[in-house]
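Everything on this sheet refers to the single structure shown next.
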Amino acid sequence: MKNAWLKTNTFHYREFDDLSALVAAKARKKVTISLCLPTLNEEKTIAKEILIMKSELMSRYPLLDEIVVIDSGSTDKTREIAAAYGADVFEAAHILPHLEPHKGKGENLWKALYITKGDIIVYLDADIKNIHHRFAYALIGPLLLHDHIKYAKAFYDRPIATGKSKMRPTGGGRVTELVIRPLFSLFFPELTQIIQPLSGEYAGYRELYEKIPFPIGYGVETSMIMDIYEKWGLNVIAQVDLDRRIHRNQDTKALGKMAFVILKTFINRKKKLGLIDLKEKLFDEMIQYNLVHDSYQPDITRLEAVERPPMIEIPEYREKYHMSRN
Amino acid sequence: MDNLLEKLPAYVERLKAIKETIITNIVLIGQKPSPTFKEKARIKAFMERLSEFQVDECTTDGYRNPIGIIRGQSPTKPPIFLIAHLDSLFDKDIDHNYVVKKSTITGAGIMDNAIGVGVLVSLPEIFRHLELEFESDIVLAGVIQSMGKGNLRGIRHLLKTWATPIRGAICIEGGFLGRLSYYSQGMIRGEIECNLAHRTSWDRKFKPNAILILNEVINQILELRLPQKPRARIVIGKIGGGFKHGLIANNATLGFEIQSDSDQMVKTIYNDTKDIITGVGHEYGVDMKLKTISNASAARLKYNHPLVKGSAEIMKKLGLNPTSEPSVSELSIFLSRQIPAVTIGITTGDNIQQEDAVMEIEPMFTGIAQLVGIVEAIDSGICDEERMA
């Protein structure tokens with residue numbers, strides 16, 4: 001396997017820390033940039049993300065033109081806090097309300113395409129405990145300073161918070177190493193050069209996002225990489241070392257569900273591309289077991305592989321952006 | 001002074017326009033763990049933020065205290081020092097990632113002293129936003145090795161090596177808003193160690209218990225007669241020892257602090273304590289060690305010193321009720337060097353020295369307005385007529 005891409009398209013965030021240069025490049029390219037934060041009960045971290053981005057990348061350096069929160073129906077104070085710190089807050093269910101509603105991160109990202117105005121859209125997970133403005137500017141940097149790059153993805157060390165205020169220095173990334181990397185190694189070895197394909201932080205041009213479908217749930221990162229790779233090739237993708245990202249830990253059962261959705265997304269993509277032939281339909285239920293009073297009880301979660309079509313196919317979107325049907 | 005006082009209430013509202021930047025500084029610096037003697041990460045963050053805010057000079061002194069200087073318009077006026085200690089009580093394995101909500105920020109070290117440091121590095125932006133320029137140079141110093149065993153080494157070194165006179169100083173602490181400290185108490189902080197681990201011959205019978213020995217020391221300390229004037233007290237603040245419930249304790253430590261308005265009284269009580277320890281050690285046939293962790297001298301400004309009076313007026317104009325309390329921190333080093341100085345708090349909060357310390361965001365703007373007001377008052381010459389009483 002060639003690994004030329006790893007050398008040419010891998011960056012470190014420090015390569016983009018001259019924010020004045022990024023602002024100048026943005027002006028030269030005459031582009032606008034939106035930051036989108038998909039949320040579901042993120043009241044502990046959302047304010048910090050918004051205020052740091054607003055202070056550093058809007059007030060001090062005009063790199064971002066808007067900060068948009070797309071919420072999946074939080075039951076805590078996420079929306080209230082986000083609005084108090086100046087973000088534009090939307091409930092996903094109220095965007096394009098005539099469409100059948102779905103809940104999931106991918107749904108929020110997809111609907112953000114309709115709501116945001118930017119030519120470049122930066123997506124950041126809203127649960128980053130050690131948020132720093134590099135999470136946004138370092139992903140925007142390759143898009144502004146390298147004309148061939150249209151999509152930049154984060155990778156980092158992943159210490160995890162293990163409760164009781166203690167930090168564990170390594171961990172996380174289990175689904176990547178146990179599911180995605182083996183799959184990529186088996187079917188798309190070139191994509192193994194992407195160090196953290198499941199990272200939830202990426203920036204890209206609208207012209208890419210609007211042309212690809214979005215699974216509504218966890219599979220969105222996997223499908224996005226596969227679709228961009230398939231349509232435009234690996235060379236439009238960059239990856240940026242953001243140093244360190246601290247996030248809350250997820251238990252093995254939650255990761256199991258994530259792995260289920262990702263596997264399903266992967267297999268469906270392969271099928272769609274004509275690369276595999278399935279003899280029968282995949283099931284939609286993830287079955288796990290709990291030990292309850294000395295007996296094993298199944299814990300069944302229905303995880304359908306619902307996918308939104310490319311946004312450009314939605315008439316309201318084309319109308320909003322004055323696009324013709326062709 | 002009247003003109004200055006009139007402007008102050010408007011500052012509070014104007015500062016809210018740069019709320020995000022101030023909170024960002026508090027968070028980005030406070031989230032860097034900075035236990036005493038291991039402040040490197042916070043020093044780096046402090047320097048990075050100050051350079052980003054384009055202060056005229058940004059450097060570290062020979063002791064690694066990070067310093068930013070905003071150049072004043074008059075080359076002849078001595079500088080004004082604004083300082084906040086960089087070290088905190090929490091080790092780096094404690095989660096330092098803060099939780100910001102609508103009206104509060106929660107996390108380890110937020111009140112002591114992430115706010116002080118965050119506000120300090122925000123001052124270049126705050127002065128720009130309020131369109132303020134000064135005659136004096138403004139020296140923004142984050143001082144290291146202040147707390148506990150640090151024994152104020154950072155500030156001691158900074159002032160010892162600073163070549164020129166200093167016009168006045170403000171020490172910035174997170175809590176509490178309304179605090180106005182203008183005197184420091186004489187203080188010795190000590191630790192008594194009782195360690196029996198090597199005395200194996202006692203294992204069969206009558207083995208002394210390190211905790212009970214320290215208990216005897218405490219009882220004898222409590223029997224000391226302390227004078228009403230000069231005021232003096234001994235605080236027994238920390239105790240630890242033993243290994244498990246069913247084993248006689250081989251070791252124990254006791255942390256205490258002697259405080260008094262008089263340095264001589266502190267020394268006298270310290271010597272009495274030393275005698276108690278020698279006596280108890282002799283009586284029980286054990287080796288006991290007394291270590292001095294840190295010390296500070298008693299020094300004060302009078303309440304009618306213009307800096308104190310002026311600061312109190314500023315606080316009252318902002319609706320605060322100035323509360324005087326002694327300080328055993330950086331203030332004592334300024335005062336002992338005859339430099340007029342006060343310590344103020346920036347906001348209200350809770351659980352100040354715990355992992356889940358909470359700061360209130362809204363009162364912070366009043367706290368910063370008071371700080372800016374006192375800087376302006378010093379720059380207008382409030383300390384120039386009268387040095388220390």
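Chain labels follow the order of the structure tokens: the first chain is A, the next B, and so on; residue numbering restarts at 1 in every chain, and ligands are counted from 1 in their shown order.
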Do you know which residues are at most 7 Å from region 4-21 of chain B counting only C-alpha atoms, after dropping those on the same chain fewer than 5 positions away, and could you put them as a list in words?
Leu51, Ile52, Lys54 and Ser55 of chain A; Ile314, Lys317, Leu318, Phe365, Thr366, Ala369 and Gly373 of chain B
Per-residue nearest contacts chain B to chain A, cut-off 9 Å, using only C-alpha atoms, as a Markdown table:
| residue | atom | partner | partner_atom | distance |
| --- | --- | --- | --- | --- |
| B:Ile18 | CA | A:Ser55 | CA | 7.9 |
| B:Lys19 | CA | A:Ser55 | CA | 8.4 |
| B:Glu20 | CA | A:Ser55 | CA | 5.1 |
| B:Thr21 | CA | A:Ser55 | CA | 4.9 |
| B:Ile22 | CA | A:Ser55 | CA | 8.6 |
| B:Ile23 | CA | A:Leu51 | CA | 7.7 |
| B:Thr24 | CA | A:Ile52 | CA | 5.3 |
| B:Asn25 | CA | A:Ile52 | CA | 8.7 |
| B:Val27 | CA | A:Lys48 | CA | 8.2 |
| B:Leu28 | CA | A:His132 | CA | 7.5 |
| B:Gln31 | CA | A:Asn130 | CA | 7.8 |
| B:Lys92 | CA | A:Met167 | CA | 8.7 |
| B:Asp93 | CA | A:Met167 | CA | 5.7 |
| B:Ile94 | CA | A:Lys166 | CA | 5.0 |
| B:Asp95 | CA | A:Ser165 | CA | 4.6 |
| B:His96 | CA | A:Ser165 | CA | 7.9 |
| B:Asn97 | CA | A:Lys129 | CA | 5.8 |
| B:Tyr98 | CA | A:Lys129 | CA | 7.6 |
| B:Val99 | CA | A:Lys44 | CA | 5.4 |
| B:Val100 | CA | A:Lys48 | CA | 5.7 |
| B:Lys101 | CA | A:Ala47 | CA | 6.2 |
| B:Lys102 | CA | A:Ile81 | CA | 5.5 |
| B:Glu355 | CA | A:Ser165 | CA | 8.0 |
Using only C-alpha atoms, pick whichever of A:His94, A:Val179, A:Met311, A:Glu42 has the shortest atom-to-atom distance to Arg79 (chain A).
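Using only C-alpha atoms, the shortest distance to Arg79 (chain A) belongs to A:Glu42.
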Polymer residues at most 8 Å from region 210-226 of chain B, only C-alpha atoms, same-chain spacing of 3 or more positions, as an MDAnalysis selection string
chainID B and resid 194:196 231:233 241:242 248:254 273 276:277 280 284
Applying 9 Å and only C-alpha atoms, which residues near region 40-55 of chain B remain after dropping the ones on its own chain fewer than 3 positions away? List them as an NGL selection string.
:B and (25 or 28-34 or 37 or 58-60 or 64-71 or 86-87 or 117-118 or 121-122 or 124-125 or 142 or 144)
Restricting it to N, CA, C and O atoms, dump the selection as a CSV table (one decimal), in the first residue's frame.
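Written file, part08.csv:
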chain,number,residue,atom,x,y,z
B,25,ASN,N,-10.2,33.5,28.5
B,25,ASN,CA,-8.9,33.6,29.2
B,25,ASN,C,-8.9,32.8,30.5
B,25,ASN,O,-8.0,32.1,30.8
B,28,LEU,N,-9.1,29.0,29.4
B,28,LEU,CA,-7.9,28.4,28.8
B,28,LEU,C,-6.7,28.4,29.7
B,28,LEU,O,-5.9,27.4,29.6
B,29,ILE,N,-6.6,29.3,30.6
B,29,ILE,CA,-5.5,29.3,31.5
B,29,ILE,C,-5.8,28.4,32.7
B,29,ILE,O,-5.0,27.6,33.1
B,30,GLY,N,-7.0,28.5,33.2
B,30,GLY,CA,-7.3,27.8,34.4
B,30,GLY,C,-7.4,26.3,34.2
B,30,GLY,O,-7.2,25.5,35.1
B,31,GLN,N,-7.6,25.9,32.9
B,31,GLN,CA,-7.7,24.4,32.6
B,31,GLN,C,-6.3,23.8,32.5
B,31,GLN,O,-6.1,22.6,32.4
B,32,LYS,N,-5.2,24.6,32.6
B,32,LYS,CA,-3.9,24.1,32.6
B,32,LYS,C,-3.5,23.8,34.1
B,32,LYS,O,-3.4,24.7,34.9
B,33,PRO,N,-3.4,22.5,34.4
B,33,PRO,CA,-3.0,22.2,35.8
B,33,PRO,C,-1.7,23.0,36.2
B,33,PRO,O,-0.8,23.1,35.4
B,34,SER,N,-1.7,23.4,37.5
B,34,SER,CA,-0.6,24.3,37.9
B,34,SER,C,-0.3,24.1,39.4
B,34,SER,O,-0.3,25.0,40.1
B,37,PHE,N,5.2,24.5,42.2
B,37,PHE,CA,6.5,23.9,41.6
B,37,PHE,C,6.3,23.3,40.2
B,37,PHE,O,7.3,22.9,39.6
B,58,CYS,N,6.8,41.0,26.6
B,58,CYS,CA,6.4,39.8,27.2
B,58,CYS,C,7.6,38.9,27.5
B,58,CYS,O,8.3,38.5,26.6
B,59,THR,N,7.8,38.6,28.7
B,59,THR,CA,9.0,37.8,29.1
B,59,THR,C,8.9,37.1,30.4
B,59,THR,O,7.8,37.1,30.9
B,60,THR,N,9.9,36.3,30.8
B,60,THR,CA,9.9,35.8,32.1
B,60,THR,C,11.1,36.3,32.8
B,60,THR,O,12.2,36.6,32.2
B,64,ARG,N,11.4,32.5,36.3
B,64,ARG,CA,10.4,32.0,35.4
B,64,ARG,C,9.0,32.5,35.7
B,64,ARG,O,8.0,32.0,35.3
B,65,ASN,N,8.9,33.7,36.5
B,65,ASN,CA,7.7,34.3,36.6
B,65,ASN,C,7.3,35.0,35.3
B,65,ASN,O,8.1,35.8,34.8
B,66,PRO,N,6.2,34.7,34.6
B,66,PRO,CA,5.9,35.3,33.4
B,66,PRO,C,5.4,36.8,33.6
B,66,PRO,O,4.6,37.0,34.5
B,67,ILE,N,5.9,37.7,32.7
B,67,ILE,CA,5.6,39.1,32.9
B,67,ILE,C,5.2,39.7,31.6
B,67,ILE,O,5.9,39.5,30.6
B,68,GLY,N,4.2,40.5,31.6
B,68,GLY,CA,3.9,41.4,30.4
B,68,GLY,C,3.9,42.8,30.9
B,68,GLY,O,3.5,43.1,32.0
B,69,ILE,N,4.4,43.7,30.0
B,69,ILE,CA,4.5,45.1,30.3
B,69,ILE,C,3.7,45.9,29.3
B,69,ILE,O,3.9,45.8,28.1
B,70,ILE,N,2.7,46.7,29.8
B,70,ILE,CA,2.1,47.7,28.9
B,70,ILE,C,2.8,49.0,29.1
B,70,ILE,O,2.7,49.5,30.3
B,71,ARG,N,3.4,49.5,28.1
B,71,ARG,CA,4.2,50.7,28.3
B,71,ARG,C,3.3,51.9,28.5
B,71,ARG,O,2.3,52.1,27.9
B,86,LEU,N,0.1,32.0,40.1
B,86,LEU,CA,-0.2,31.1,39.0
B,86,LEU,C,-0.5,29.7,39.6
B,86,LEU,O,-1.1,28.8,38.9
B,87,ASP,N,0.0,29.4,40.8
B,87,ASP,CA,-0.1,28.0,41.3
B,87,ASP,C,-1.5,27.8,41.9
B,87,ASP,O,-2.1,28.7,42.3
B,117,VAL,N,-5.8,35.1,37.4
B,117,VAL,CA,-4.9,35.0,36.3
B,117,VAL,C,-5.6,35.3,35.0
B,117,VAL,O,-5.0,36.1,34.2
B,118,GLY,N,-6.8,34.8,34.8
B,118,GLY,CA,-7.5,35.0,33.6
B,118,GLY,C,-7.8,36.5,33.4
B,118,GLY,O,-7.7,37.1,32.3
B,121,VAL,N,-4.5,38.5,32.4
B,121,VAL,CA,-4.1,38.4,31.0
B,121,VAL,C,-5.1,39.1,30.1
B,121,VAL,O,-4.8,39.4,29.0
B,122,SER,N,-6.3,39.3,30.6
B,122,SER,CA,-7.3,40.0,29.8
B,122,SER,C,-7.2,41.5,29.9
B,122,SER,O,-7.8,42.3,29.1
B,124,PRO,N,-4.9,43.8,29.0
B,124,PRO,CA,-4.6,44.6,27.8
B,124,PRO,C,-5.8,44.8,26.9
B,124,PRO,O,-6.0,45.9,26.5
B,125,GLU,N,-6.6,43.8,26.8
B,125,GLU,CA,-7.9,43.9,26.0
B,125,GLU,C,-8.9,44.8,26.7
B,125,GLU,O,-9.6,45.6,26.1
B,142,GLY,N,2.4,37.1,36.5
B,142,GLY,CA,1.9,35.8,37.1
B,142,GLY,C,3.0,35.3,38.0
B,142,GLY,O,4.1,35.0,37.4
B,144,ILE,N,4.9,32.6,40.4
B,144,ILE,CA,4.9,31.1,40.6
B,144,ILE,C,5.3,30.8,42.1
B,144,ILE,O,5.7,31.7,42.8
Just list the residues in region 13-91 of chain A DSSP gives helix (DSSP H, G or I) on the backbone, as a ChimeraX atom specification.
/A:13-16,19-29,46-60,78-84
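Picture a line from CA of Ile382 (chain B) to CA of Glu362 (chain B); it runs 29.0 Å.
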Residues of region 168-268 of chain A in strand (DSSP E), written as number ranges by chain
A: 168, 202-205, 214-215, 237-244, 247-248
One number please: CA of Ile95 (chain A) to CA of Ile70 (chain A), in Å, one decimal.
9.3 Å
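Straight-line separation from CA of His85 (chain B) to CA of Thr104 (chain B): 21.9 Å.
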